[in-house]
>>> print(open('upload.cif').read())   # mmCIF, C-alpha atoms and all ligand atoms
data_start
#
loop_
_atom_site.label_atom_id
_atom_site.label_comp_id
_atom_site.auth_asym_id
_atom_site.auth_seq_id
_atom_site.Cartn_x
_atom_site.Cartn_y
_atom_site.Cartn_z
CA MET V 528 0.00 0.00 0.00
CA SER V 529 1.05 3.58 -0.56
CA GLU V 530 2.82 5.71 2.05
CA ASN V 531 0.38 8.53 1.49
CA PRO V 532 -2.21 8.36 4.29
CA ASN V 533 -4.78 9.94 1.98
CA ASN V 534 -4.39 7.18 -0.53
CA TRP V 535 -7.33 5.23 0.80
CA PRO V 536 -7.57 1.52 0.07
CA LEU V 537 -9.85 0.17 -2.63
CA TRP V 538 -13.01 -1.69 -1.61
CA GLU V 539 -15.19 -4.02 -3.65
CA VAL V 540 -18.90 -3.42 -3.15
CA PHE V 541 -21.63 -6.09 -3.11
CA ILE V 542 -25.28 -5.13 -3.00
CA GLN V 543 -28.26 -7.25 -2.12
CA SER V 544 -31.07 -5.60 -4.00
CA LYS V 545 -33.85 -7.49 -2.23
CA ARG V 546 -34.15 -9.72 0.79
CA GLY V 547 -33.62 -13.30 -0.22
CA LEU V 548 -31.37 -12.57 -3.21
CA ASP V 549 -27.60 -12.99 -3.40
CA HIS V 550 -25.29 -10.06 -2.81
CA LYS V 551 -23.99 -9.11 -6.26
CA HIS V 552 -20.77 -7.33 -7.11
CA VAL V 553 -21.56 -3.84 -8.40
CA GLY V 554 -18.20 -2.07 -8.46
CA SER V 555 -15.60 -0.57 -6.19
CA LEU V 556 -14.61 2.63 -4.41
CA HIS V 557 -11.92 4.13 -2.20
CA ALA V 558 -12.58 4.70 1.51
CA ALA V 559 -10.55 5.13 4.66
CA ASP V 560 -12.24 2.28 6.51
CA ALA V 561 -15.07 -0.23 6.21
CA GLU V 562 -17.68 2.00 7.75
CA MET V 563 -16.90 4.79 5.34
CA ALA V 564 -16.88 2.32 2.48
CA ILE V 565 -20.41 1.25 3.35
CA GLU V 566 -21.57 4.86 3.62
CA ASN V 567 -20.00 5.75 0.31
CA ALA V 568 -21.37 2.63 -1.30
CA ARG V 569 -24.80 3.67 -0.11
CA ASP V 570 -24.34 7.05 -1.80
CA VAL V 571 -22.81 5.74 -4.99
CA TYR V 572 -24.58 2.47 -5.65
CA THR V 573 -28.02 2.65 -4.05
CA ARG V 574 -29.39 6.07 -4.93
CA ARG V 575 -32.39 4.54 -6.67
CA GLN V 576 -33.49 2.03 -4.07
CA GLU V 577 -31.20 -0.64 -5.48
CA GLY V 578 -30.17 -1.79 -2.05
CA ASN V 579 -31.36 -3.76 0.92
CA SER V 580 -27.93 -4.72 2.24
CA ILE V 581 -24.32 -3.81 1.47
CA TRP V 582 -21.12 -5.84 1.80
CA VAL V 583 -17.72 -4.29 1.34
CA VAL V 584 -14.48 -6.24 1.07
CA LYS V 585 -11.00 -4.77 0.71
CA SER V 586 -9.97 -5.44 -2.87
CA GLU V 587 -6.64 -6.83 -1.71
CA HIS V 588 -8.58 -9.62 -0.03
CA ILE V 589 -10.10 -10.81 -3.27
CA HIS V 590 -8.13 -13.60 -4.87
CA SER V 591 -8.92 -14.46 -8.41
CA SER V 592 -8.18 -17.29 -10.81
CA ARG V 593 -5.88 -16.33 -13.67
CA PRO V 594 -7.37 -15.89 -17.14
CA GLU V 595 -4.64 -18.08 -18.63
CA ASP V 596 -5.80 -20.92 -16.35
CA ALA V 597 -9.38 -20.80 -17.58
CA GLU V 598 -8.99 -23.67 -20.01
CA SER V 599 -7.49 -26.12 -17.57
CA LEU V 600 -9.95 -25.11 -14.87
CA PHE V 601 -13.16 -25.30 -16.83
CA ASP V 602 -12.55 -27.63 -19.79
CA PRO V 603 -13.03 -30.78 -17.72
CA ALA V 604 -16.74 -29.99 -17.44
CA ASP V 605 -17.13 -29.86 -21.23
CA ASP V 606 -17.37 -33.60 -21.85
CA LYS V 607 -19.65 -34.39 -18.91
CA VAL V 608 -22.98 -34.01 -20.60
CA TYR V 609 -24.40 -36.60 -18.23
CA ARG V 610 -24.51 -33.92 -15.53
CA HIS V 611 -27.55 -32.53 -17.32
CA PRO V 612 -31.05 -33.97 -17.08
CA THR V 613 -31.54 -33.89 -20.85
CA PHE V 614 -28.91 -36.61 -21.22
CA TYR V 615 -31.40 -39.24 -20.03
CA THR V 616 -34.24 -40.79 -21.96
CA VAL V 617 -37.35 -41.63 -20.03
CA PRO V 618 -40.62 -42.90 -21.50
CA GLU V 619 -42.72 -40.05 -22.78
CA ARG V 620 -45.76 -41.12 -20.84
CA ALA V 621 -43.95 -40.73 -17.52
CA LYS V 622 -44.99 -37.48 -15.87
CA TYR V 623 -43.23 -35.17 -13.42
CA ILE V 624 -39.77 -36.50 -14.11
CA MET P 1292 -39.72 -8.64 27.98
CA THR P 1293 -42.03 -6.43 25.92
CA ASP P 1294 -39.02 -5.72 23.72
CA VAL P 1295 -38.61 -9.35 22.79
CA LYS P 1296 -42.31 -9.63 22.23
CA ASN P 1297 -42.18 -6.65 19.94
CA LEU P 1298 -39.25 -8.09 18.05
CA GLU P 1299 -41.06 -11.37 17.71
CA GLU P 1300 -44.09 -9.64 16.27
CA LEU P 1301 -41.96 -7.73 13.79
CA PHE P 1302 -40.20 -10.93 12.87
CA GLN P 1303 -43.46 -12.78 12.26
CA ALA P 1304 -44.82 -9.84 10.29
CA LYS P 1305 -41.80 -10.02 8.01
CA ILE P 1306 -42.41 -13.71 7.45
CA ASP P 1307 -46.11 -13.22 6.87
CA ALA P 1308 -45.22 -10.62 4.24
CA GLU P 1309 -43.05 -13.27 2.49
CA GLN P 1310 -39.83 -11.44 3.33
CA LYS P 1311 -36.75 -13.58 3.75
CA ILE P 1312 -34.87 -13.57 7.03
CA GLU P 1313 -31.18 -12.81 6.55
CA PRO P 1314 -28.28 -13.76 8.87
CA LYS P 1315 -27.94 -10.38 10.59
CA ASP P 1316 -31.66 -9.99 11.27
CA TRP P 1317 -33.01 -10.52 14.74
CA MET P 1318 -34.64 -13.93 15.06
CA PRO P 1319 -36.16 -15.92 17.94
CA ASP P 1320 -33.75 -18.39 19.54
CA GLU P 1321 -36.09 -21.25 18.70
CA TYR P 1322 -36.14 -20.28 15.03
CA ARG P 1323 -32.35 -20.27 14.96
CA LYS P 1324 -32.17 -23.60 16.80
CA THR P 1325 -34.74 -25.24 14.55
CA LEU P 1326 -32.86 -24.11 11.47
CA VAL P 1327 -29.48 -25.19 12.79
CA ARG P 1328 -30.88 -28.63 13.56
CA GLN P 1329 -32.67 -28.98 10.24
CA ILE P 1330 -29.92 -27.59 8.01
CA SER P 1331 -27.17 -29.62 9.67
CA GLN P 1332 -29.26 -32.80 9.52
CA HIS P 1333 -29.87 -32.05 5.89
CA ALA P 1334 -26.14 -31.55 5.30
CA HIS P 1335 -25.29 -34.79 7.09
CA SER P 1336 -27.84 -36.61 4.93
CA GLU P 1337 -26.16 -35.40 1.75
CA VAL P 1338 -22.81 -36.60 3.06
CA VAL P 1339 -23.89 -39.96 4.48
CA GLY P 1340 -26.06 -40.42 1.40
CA MET P 1341 -22.90 -40.85 -0.64
CA LEU P 1342 -22.12 -44.14 1.11
CA PRO P 1343 -24.87 -46.48 -0.17
CA GLU P 1344 -24.27 -45.30 -3.73
CA GLY P 1345 -20.51 -45.22 -3.37
CA ASN P 1346 -20.83 -48.94 -2.73
CA TRP P 1347 -21.57 -49.47 -6.43
CA ILE P 1348 -19.14 -47.08 -8.13
CA THR P 1349 -16.51 -49.75 -8.70
CA ARG P 1350 -19.13 -52.29 -9.81
CA ALA P 1351 -21.28 -50.18 -12.13
CA PRO P 1352 -22.26 -52.26 -15.17
CA SER P 1353 -20.61 -49.95 -17.73
CA LEU P 1354 -18.16 -47.11 -17.95
CA LYS P 1355 -21.05 -44.79 -18.78
CA ARG P 1356 -23.02 -45.77 -15.69
CA LYS P 1357 -19.89 -45.46 -13.60
CA ALA P 1358 -19.19 -41.92 -14.82
CA ILE P 1359 -22.82 -40.97 -14.13
CA LEU P 1360 -22.78 -42.44 -10.64
CA LEU P 1361 -19.50 -40.71 -9.86
CA ALA P 1362 -20.95 -37.41 -11.04
CA LYS P 1363 -24.02 -37.89 -8.88
CA VAL P 1364 -22.09 -38.79 -5.74
CA GLN P 1365 -19.81 -35.81 -6.39
CA ASP P 1366 -22.90 -33.56 -6.54
CA GLU P 1367 -24.07 -34.87 -3.16
CA ALA P 1368 -20.72 -33.92 -1.61
CA GLY P 1369 -21.25 -30.42 -2.97
CA HIS P 1370 -24.76 -30.32 -1.53
CA GLY P 1371 -23.34 -31.19 1.87
CA LEU P 1372 -20.97 -28.25 1.55
CA TYR P 1373 -23.63 -25.71 0.52
CA LEU P 1374 -25.69 -26.74 3.52
CA TYR P 1375 -22.86 -26.73 6.06
CA SER P 1376 -22.10 -23.19 4.84
CA ALA P 1377 -25.74 -22.16 5.21
CA SER P 1378 -25.66 -23.49 8.75
CA GLU P 1379 -22.52 -21.47 9.51
CA THR P 1380 -24.40 -18.25 8.70
CA LEU P 1381 -26.37 -19.00 11.88
CA GLY P 1382 -23.21 -18.93 13.97
CA THR P 1383 -22.39 -22.62 14.15
CA SER P 1384 -18.87 -23.95 13.80
CA ARG P 1385 -18.17 -26.42 11.03
CA GLU P 1386 -15.98 -28.54 13.26
CA LYS P 1387 -18.60 -28.92 15.96
CA THR P 1388 -21.29 -29.76 13.41
CA ILE P 1389 -19.15 -32.52 11.91
CA ASP P 1390 -18.15 -33.78 15.35
CA ASP P 1391 -21.83 -34.19 16.20
CA LEU P 1392 -22.29 -36.38 13.15
CA LEU P 1393 -19.21 -38.46 13.89
CA SER P 1394 -20.14 -39.00 17.53
CA GLY P 1395 -23.63 -40.12 16.56
CA LYS P 1396 -25.25 -37.19 18.36
CA ALA P 1397 -26.65 -35.63 15.19
CA LYS P 1398 -29.16 -37.38 12.98
CA TYR P 1399 -29.29 -37.81 9.24
CA SER P 1400 -32.03 -39.18 7.01
CA SER P 1401 -32.82 -42.76 8.03
CA ILE P 1402 -33.14 -43.88 4.44
CA PHE P 1403 -29.37 -44.12 4.20
CA ASN P 1404 -29.31 -46.84 6.83
CA TYR P 1405 -30.60 -49.35 4.31
CA PRO P 1406 -28.18 -51.44 2.23
CA THR P 1407 -27.70 -51.33 -1.56
CA LEU P 1408 -27.83 -55.02 -2.42
CA THR P 1409 -28.02 -54.97 -6.23
CA TRP P 1410 -27.37 -52.59 -9.11
CA ALA P 1411 -31.11 -51.96 -9.32
CA ASP P 1412 -30.89 -50.31 -5.90
CA ILE P 1413 -28.91 -47.51 -7.54
CA GLY P 1414 -31.84 -47.01 -9.90
CA ALA P 1415 -34.33 -47.13 -7.05
CA ILE P 1416 -32.35 -44.62 -4.99
CA GLY P 1417 -32.14 -42.08 -7.81
CA TRP P 1418 -35.77 -42.47 -8.72
CA LEU P 1419 -37.35 -42.78 -5.26
CA VAL P 1420 -34.92 -41.39 -2.71
CA ASP P 1421 -33.76 -38.42 -4.76
CA GLY P 1422 -37.33 -38.09 -5.98
CA ALA P 1423 -38.64 -37.77 -2.43
CA ALA P 1424 -35.77 -35.48 -1.46
CA ILE P 1425 -36.50 -33.24 -4.45
CA MET P 1426 -40.13 -32.80 -3.36
CA ASN P 1427 -38.93 -31.57 -0.01
CA GLN P 1428 -36.17 -29.45 -1.52
CA VAL P 1429 -38.40 -27.75 -4.06
CA MET P 1430 -40.55 -26.67 -1.14
CA LEU P 1431 -37.45 -25.46 0.72
CA CYS P 1432 -36.46 -23.18 -2.18
CA ARG P 1433 -39.14 -20.94 -0.67
CA THR P 1434 -38.15 -21.41 2.97
CA SER P 1435 -38.05 -18.23 5.04
CA TYR P 1436 -34.33 -18.24 5.82
CA GLY P 1437 -32.45 -16.59 2.93
CA PRO P 1438 -29.17 -18.54 2.91
CA TYR P 1439 -31.04 -21.88 3.21
CA ALA P 1440 -33.39 -20.97 0.38
CA ARG P 1441 -30.50 -19.92 -1.84
CA ALA P 1442 -28.60 -23.14 -1.17
CA MET P 1443 -31.76 -25.05 -2.07
CA VAL P 1444 -32.16 -23.30 -5.41
CA ARG P 1445 -28.66 -24.35 -6.34
CA ILE P 1446 -29.21 -27.89 -5.12
CA CYS P 1447 -32.51 -28.32 -6.95
CA LYS P 1448 -30.89 -27.30 -10.20
CA GLU P 1449 -28.27 -29.98 -9.74
CA GLU P 1450 -30.69 -32.61 -8.48
CA SER P 1451 -32.65 -32.70 -11.68
CA PHE P 1452 -30.43 -35.28 -13.31
CA HIS P 1453 -30.27 -37.51 -10.23
CA GLN P 1454 -33.84 -38.66 -10.39
CA ARG P 1455 -33.85 -39.10 -14.14
CA GLN P 1456 -30.72 -41.24 -14.19
CA GLY P 1457 -32.26 -43.48 -11.53
CA TYR P 1458 -35.53 -43.80 -13.36
CA GLU P 1459 -33.66 -44.55 -16.58
CA ILE P 1460 -31.76 -47.38 -14.86
CA MET P 1461 -35.06 -48.83 -13.67
CA ALA P 1462 -36.70 -48.45 -17.08
CA VAL P 1463 -33.81 -50.21 -18.80
CA LEU P 1464 -33.82 -53.08 -16.30
CA ALA P 1465 -37.58 -53.42 -16.50
CA GLN P 1466 -37.32 -53.88 -20.26
CA GLY P 1467 -34.46 -56.35 -19.94
CA THR P 1468 -34.42 -60.09 -19.21
CA PRO P 1469 -36.95 -61.51 -16.76
CA GLU P 1470 -34.16 -61.65 -14.16
CA GLN P 1471 -33.34 -57.98 -14.71
CA LYS P 1472 -36.97 -56.99 -14.45
CA GLU P 1473 -37.27 -58.99 -11.27
CA MET P 1474 -34.21 -57.24 -9.88
CA ALA P 1475 -35.81 -53.87 -10.58
CA GLN P 1476 -39.09 -54.94 -8.98
CA ASP P 1477 -37.24 -56.28 -5.93
CA ALA P 1478 -35.42 -52.97 -5.50
CA LEU P 1479 -38.70 -51.07 -5.75
CA ASN P 1480 -40.22 -53.43 -3.17
CA ARG P 1481 -37.44 -52.77 -0.69
CA TRP P 1482 -37.11 -48.99 -1.19
CA TRP P 1483 -40.78 -48.04 -1.50
CA TRP P 1484 -41.78 -47.91 2.13
CA PRO P 1485 -38.55 -46.38 3.47
CA SER P 1486 -38.94 -43.70 0.77
CA LEU P 1487 -42.42 -42.84 2.03
CA MET P 1488 -40.99 -42.58 5.54
CA MET P 1489 -38.55 -39.91 4.31
CA PHE P 1490 -41.34 -37.34 4.55
CA GLY P 1491 -41.44 -37.85 8.30
CA PRO P 1492 -44.20 -38.85 10.73
CA ASN P 1493 -47.86 -38.21 10.02
CA ASP P 1494 -48.89 -34.61 10.60
CA ALA P 1495 -50.83 -35.57 13.72
CA ASP P 1496 -47.65 -37.04 15.25
CA SER P 1497 -45.34 -34.25 14.20
CA PRO P 1498 -45.57 -31.69 17.01
CA HIS P 1499 -42.88 -29.28 15.75
CA SER P 1500 -44.31 -29.13 12.27
CA GLN P 1501 -46.91 -26.49 13.09
CA GLN P 1502 -44.34 -24.02 14.39
CA SER P 1503 -42.14 -24.65 11.33
CA MET P 1504 -45.11 -23.92 9.10
CA THR P 1505 -45.90 -20.69 10.96
CA TRP P 1506 -42.29 -19.63 10.52
CA LYS P 1507 -42.51 -20.77 6.90
CA ILE P 1508 -39.42 -22.91 7.32
CA LYS P 1509 -41.68 -25.63 5.94
CA ARG P 1510 -44.48 -24.71 3.59
CA GLN P 1511 -46.19 -28.03 3.04
CA SER P 1512 -46.90 -30.71 5.61
CA ASN P 1513 -45.32 -34.17 5.68
CA ASP P 1514 -48.56 -35.85 4.66
CA GLU P 1515 -49.23 -33.43 1.82
CA LEU P 1516 -45.81 -33.95 0.29
CA ARG P 1517 -46.02 -37.72 0.79
CA GLN P 1518 -49.34 -37.84 -1.02
CA ILE P 1519 -48.05 -35.92 -4.03
CA PHE P 1520 -45.01 -38.17 -4.15
CA ILE P 1521 -47.16 -41.30 -4.12
CA ASP P 1522 -49.49 -40.01 -6.83
CA ARG P 1523 -46.61 -39.17 -9.13
CA THR P 1524 -44.49 -42.22 -8.46
CA VAL P 1525 -47.25 -44.78 -8.91
CA GLN P 1526 -47.85 -43.41 -12.40
CA GLN P 1527 -44.13 -43.53 -13.19
CA ALA P 1528 -43.93 -47.14 -12.00
CA GLU P 1529 -46.86 -48.16 -14.19
CA VAL P 1530 -45.26 -46.64 -17.26
CA ILE P 1531 -42.20 -48.87 -16.93
CA GLY P 1532 -44.19 -51.95 -15.99
CA LEU P 1533 -43.33 -52.15 -12.31
CA SER P 1534 -45.78 -52.19 -9.43
CA VAL P 1535 -45.69 -50.51 -6.09
CA PRO P 1536 -45.67 -53.07 -3.22
CA ASP P 1537 -48.85 -51.96 -1.50
CA PRO P 1538 -51.93 -54.21 -1.73
CA LEU P 1539 -54.11 -51.41 -0.35
CA LEU P 1540 -53.06 -48.90 -2.99
CA LYS P 1541 -56.15 -47.69 -4.80
CA TRP P 1542 -57.15 -44.61 -6.76
CA ASN P 1543 -59.72 -42.60 -4.85
CA GLU P 1544 -61.84 -40.75 -7.35
CA GLU P 1545 -63.41 -38.53 -4.76
CA ARG P 1546 -60.13 -37.34 -3.23
CA GLY P 1547 -58.33 -37.28 -6.54
CA HIS P 1548 -55.46 -39.12 -4.89
CA TYR P 1549 -54.26 -42.65 -4.27
CA ASP P 1550 -55.25 -44.23 -0.99
CA PHE P 1551 -52.41 -46.27 0.43
CA GLY P 1552 -51.70 -48.79 3.15
CA PRO P 1553 -50.38 -48.03 6.64
CA ILE P 1554 -46.73 -47.12 7.07
CA ASP P 1555 -44.78 -49.17 9.60
CA TRP P 1556 -43.74 -46.38 11.95
CA ASP P 1557 -42.22 -48.84 14.40
CA GLU P 1558 -39.67 -49.66 11.74
CA PHE P 1559 -39.08 -45.96 11.14
CA TRP P 1560 -38.44 -45.14 14.79
CA ASN P 1561 -36.33 -48.21 15.20
CA VAL P 1562 -34.02 -47.06 12.40
CA VAL P 1563 -33.99 -43.49 13.76
CA LYS P 1564 -32.90 -44.87 17.11
CA GLY P 1565 -29.92 -46.53 15.50
CA ASN P 1566 -31.13 -50.06 14.90
CA GLY P 1567 -31.42 -50.00 11.13
CA PRO P 1568 -29.51 -52.50 9.03
CA CYS P 1569 -26.59 -50.13 8.32
CA ASN P 1570 -26.53 -47.43 11.04
CA LYS P 1571 -23.31 -48.71 12.53
CA GLU P 1572 -21.67 -49.33 9.18
CA ARG P 1573 -22.43 -45.78 8.01
CA LEU P 1574 -21.08 -44.09 11.11
CA ASP P 1575 -18.01 -46.31 11.13
CA ALA P 1576 -17.37 -45.45 7.49
CA ARG P 1577 -17.66 -41.70 8.17
CA ASN P 1578 -15.38 -41.92 11.19
CA LYS P 1579 -12.84 -43.97 9.29
CA ALA P 1580 -12.83 -41.55 6.35
CA HIS P 1581 -12.46 -38.60 8.71
CA ALA P 1582 -9.58 -40.18 10.62
CA GLU P 1583 -7.81 -41.31 7.47
CA GLY P 1584 -8.15 -37.83 6.00
CA GLN P 1585 -6.39 -36.19 8.95
CA TRP P 1586 -2.99 -36.23 7.26
CA VAL P 1587 -4.44 -34.46 4.24
CA ARG P 1588 -5.85 -31.67 6.38
CA ASP P 1589 -2.53 -31.42 8.25
CA ALA P 1590 -0.56 -31.35 5.03
CA ALA P 1591 -2.75 -28.59 3.60
CA VAL P 1592 -2.13 -26.39 6.62
CA ALA P 1593 1.62 -27.08 6.54
CA HIS P 1594 1.73 -26.34 2.82
CA ALA P 1595 -0.15 -23.05 3.24
CA ALA P 1596 2.22 -21.98 6.01
CA LYS P 1597 5.21 -22.79 3.85
CA ARG P 1598 3.81 -20.87 0.92
CA ALA P 1599 3.10 -17.85 3.13
CA LYS P 1600 6.66 -17.90 4.40
CA ARG P 1601 8.01 -18.08 0.88
CA LYS P 1602 5.90 -15.08 -0.10
CA GLU P 1603 7.14 -13.14 2.90
CA ALA P 1604 10.74 -13.87 1.98
CA ALA P 1605 10.23 -12.81 -1.65
FE FE E 1701 -28.43 -33.91 -2.89
FE FE E 1702 -29.37 -36.10 -5.26
#
>>> encode(input="upload.cif", output="structure tokens")
Amino acid sequence: MSENPNNWPLWEVFIQSKRGLDHKHVGSLHAADAEMAIENARDVYTRRQEGNSIWVVKSEHIHSSRPEDAESLFDPADDKVYRHPTFYTVPERAKYI
Amino acid sequence: MTDVKNLEELFQAKIDAEQKIEPKDWMPDEYRKTLVRQISQHAHSEVVGMLPEGNWITRAPSLKRKAILLAKVQDEAGHGLYLYSASETLGTSREKTIDDLLSGKAKYSSIFNYPTLTWADIGAIGWLVDGAAIMNQVMLCRTSYGPYARAMVRICKEESFHQRQGYEIMAVLAQGTPEQKEMAQDALNRWWWPSLMMFGPNDADSPHSQQSMTWKIKRQSNDELRQIFIDRTVQQAEVIGLSVPDPLLKWNEERGHYDFGPIDWDEFWNVVKGNGPCNKERLDARNKAHAEGQWVRDAAVAHAAKRAKRKEAA
């Protein structure tokens, strides 16, 4: 992190738009601490009643997979069509299955 | 005291208005306790449920069936994880929850205390056991506790192939040689009644059910769900030429449902109390797997520490 005390850390903002839904990533902002990040997130990301709950996480705490790993991570699922219900044939007359 | 009463009224009002309860909301202790018990039992069932099916992975009749069964069992492990995580949002510790399973203190669905004797049992489990579980889980997608409901939505999406692969196994066997058809019928005979018991005691004998319905943790009663399951499954059995082992089963025109014979609740309670055919085997298997996995958990921690040190040095 920078030496400059005014160089506030970056925070990732997650908003739950309605009770019962997942918190979704909406963007990021700079703030001096978590409380301020929540207040700023309120002002920036929920001006039109988009919010019911806010999570903020310091960006440095987010670890991400690397784009160049995408193939090796996700390819293995490509040839497993049997994980989908449409893979199976059941008699047409059978209902609710 | 009036404060708590007020909070309770607000809480119930939220539920009545179909609002989800989220982890940081105030909730009655009993609501929290009920959820912790139910969600952790549900999680344990996903995990222990891998054992009867795991029994057939190495003996599946073809590579295709083996890959399918592996994929299904793998899904169940994931379901266990989603549910343990949902339970942690209520302030439980993962370690304690697992310890309660291993010590035999916590319960899991009794259905998994029955043995898988033939390949047809894998068909019967997918069709009937997952089928019954899905009925319950579809209802729970609308349960009042947000994290539980969200876990259920994910689970239901993944469940959809489980029942179909089981039914397909049964359909194929039922169209096979007379021996194969008999094997399928025998599996249906053995799994039918335990599957009906999965919905729990009759409503009249289920004292906590009413509170769970008021809190909208549950939204349909045991007997309601059981009836829908029977109606649907009897039709599915007919289509593939198998018959449900209940001499009293009869379509009731007036009710628009099947009437069915009495369920042997003595057997149910006996298995719940630990005297089912495989209770001991299942718990032993879980304990053995946990103990034998200790070095893996230790190694992971040691490896992470080493990596952190290396980063520090760099
Ligand atoms: Fe599952
Ligand atoms: Fe399943």
>>> closest_residue(input="upload.cif", among="P:Val1562, P:Ile1521, P:Ala1358, P:Ile1460", to="Leu1487 in chain P", atoms="all atoms listed in the file")
P:Ile1521
>>> interface_residues(input="upload.cif", of="chain P", to="chain V", cutoff="6 Å", atoms="all atoms listed in the file", output="list in words")
Lys1311, Gly1437, Ser1451, Phe1452, Glu1459 and Gln1527 of chain P
>>> write_last_selection(input="upload.cif", atoms="C-alpha atoms", output="short mmCIF file (atom, residue, chain, number, x, y, z; two decimals), in the coordinates of the input")
data_model
loop_
_atom_site.label_atom_id
_atom_site.label_comp_id
_atom_site.auth_asym_id
_atom_site.auth_seq_id
_atom_site.Cartn_x
_atom_site.Cartn_y
_atom_site.Cartn_z
CA LYS P 1311 -36.75 -13.58 3.75
CA GLY P 1437 -32.45 -16.59 2.93
CA SER P 1451 -32.65 -32.70 -11.68
CA PHE P 1452 -30.43 -35.28 -13.31
CA GLU P 1459 -33.66 -44.55 -16.58
CA GLN P 1527 -44.13 -43.53 -13.19
#
>>> closest_residue(input="upload.cif", among="P:Met1443, P:Leu1326, P:Leu1392, P:Leu1381", to="ligand FE 1701 (chain E)", atoms="all atoms listed in the file")
P:Met1443
>>> atom_distance(input="upload.cif", atom1="CA of Arg575 in chain V", atom2="CA of Phe541 in chain V")
15.5 Å
>>> closest_residue(input="upload.cif", among="P:Gln1332, P:Asn1570, P:Thr1325, P:Gln1428", to="ligand FE 1701 (chain E)", atoms="all atoms listed in the file")
P:Gln1428
>>> residues_around(input="upload.cif", residues="Ile565 in chain V", least_positions_apart="6", cutoff="12 Å", atoms="only C-alpha atoms", output="ChimeraX atom specification")
/V:538-542,555-559,571-573,578,580-585
